[in-house]
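**Student:** Questions regarding the structure given below will be posed in turn.
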Amino acid sequence: MRVLILTLLLASPALAQNGPPYDGKLLSSCLEGAGDNPRVCIGKASDACMAGPGGDTTVGMVECLSAESKAWDNLLNASYGKALTAAKAADAELMQLGSAAEPAAPVLQQAQRDWIAFRDASCRYASLQFQGGTAGGPAAAGCMMELTADQALRLGAMTGEQGQ
């Protein structure tokens with residue numbers, strides 16, 4: 001019995017590496033063809049992943065949703081960086097002109113910090129709706145993916161990129 005348990009424990013990292021097949025190209029190709037409605041791309045890649053082998057398990061769902069969330073987070077960070085750079089440049093230009101306008105960059109930074117706190121609390125709440133049940137993991141991961149995608153698209157719109 002101990003040999004069986006030891007064998008399963010040693011094999012678990014190898015099994016974890018062979019999770020559901022997430023195709024990161026699905027999101028980028030969807031965004032390229034989405035035109036004025038990039039929101040249609042939210043969940044497409046994770047849905048395809050969950051339809052694949054192993055994607056219908058609780059662990060598989062979390063892996064698929066987390067993989068898409070990471071892709072959206074990369075887009076969010078790129079768009080945030082561009083928005084912040086633009087805000088700082090505009091602030092510097094206004095300051096040089098002697099404007100009394102409130103600087104926008106610090107407000108954008110605080111808004112992003114506040115949004116992260118909102119997202120994290122919202123997704124924690126989504127998980128708690130299942131009172132410790134197995135659906136809590138996919139609920140939290142789905143929430144994280146959806147809210148991150150929404151924010152990535154918002155910031156992308158600020159920079160004229162629409163999440164691409």
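Residues in the structure tokens are named by chain (A, B, ... in the order shown) and by number from 1 within that chain; ligands are numbered from 1 in the order shown.
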Residues of stretch 41-109 of chain A that have any atom at most 7 Å from an atom of stretch 136-143 of chain A: could you tabulate them with the shortest-distance atom pair and the distance in Å to one decimal, using only C-alpha atoms, ordered by chain and increasing number, as JSON lines?
**Tutor:**
```
{"residue": "A:Thr58", "atom": "CA", "partner": "A:Pro138", "partner_atom": "CA", "distance": 6.7}
{"residue": "A:Met61", "atom": "CA", "partner": "A:Pro138", "partner_atom": "CA", "distance": 6.0}
{"residue": "A:Val62", "atom": "CA", "partner": "A:Pro138", "partner_atom": "CA", "distance": 5.0}
{"residue": "A:Leu65", "atom": "CA", "partner": "A:Ala141", "partner_atom": "CA", "distance": 5.7}
{"residue": "A:Ser66", "atom": "CA", "partner": "A:Ala141", "partner_atom": "CA", "distance": 5.9}
```
**Student:** Find, counting only C-alpha atoms, the residue in A:Ala121, A:Leu26, A:Ala104, A:Leu97 that gets nearest to A:Met144.
**Tutor:**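 Using only C-alpha atoms, A:Met144 sits closest to A:Ala121.
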**Student:** With distances taken over only C-alpha atoms, which residue among A:Gly55, A:Pro106, A:Trp72, A:Ser79 lies nearest A:Cys41?
**Tutor:**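 Of the candidates, the smallest distance to A:Cys41 is held by A:Trp72.
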**Student:** Near A:Gly43, within 10 Å and counting only C-alpha atoms, which residues show up once chain neighbours fewer than 6 positions away are dropped, as a count of residues only?
**Tutor:** 10
**Student:** One decimal, in Å: what's the spacing between atom CA of A:Ala135 and atom CA of A:Ala51?
**Tutor:**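 Interatomic distance, atom CA of A:Ala135 to atom CA of A:Ala51: 17.0 Å.
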**Student:** Which of chain A end up as alpha helix (DSSP H) when DSSP is run on this backbone - answer as a VMD selection string?
**Tutor:** chain A and resid 2 to 17 25 to 33 44 to 51 58 to 96 105 to 128 136 to 158
**Student:** What's the 12 Å shell around A:Ala78, counting only C-alpha atoms, without same-chain residues fewer than 2 positions away, as a PyMOL selection string?
**Tutor:** chain A and resi 71-76+80-85+151-153+155-156+158-159+161-164
**Student:** Have a look at A:Ala87, A:Ala92, A:Met50, A:Ile42 and name the one nearest to A:Glu63; count only C-alpha atoms.
**Tutor:**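 Nearest candidate to A:Glu63 out of A:Ala87, A:Ala92, A:Met50, A:Ile42: A:Met50.
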**Student:** Between atom CA of A:Val59 and atom CA of A:Thr134, what distance in Å does the model show, to one decimal?
**Tutor:**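 Separation between atom CA of A:Val59 and atom CA of A:Thr134: 9.3 Å.
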**Student:** Here is a test: counting only C-alpha atoms, which residue of A:Ala45, A:Ala105, A:Ala111, A:Cys123 is nearest to A:Gly24?
**Tutor:**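 Nearest candidate to A:Gly24 out of A:Ala45, A:Ala105, A:Ala111, A:Cys123: A:Ala45.
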**Student:** Take atom CA of A:Arg124 and atom CA of A:Asp150 and report the distance between them in Å, one decimal.
**Tutor:**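 Pair atom CA of A:Arg124 / atom CA of A:Asp150 returns 17.4 Å.
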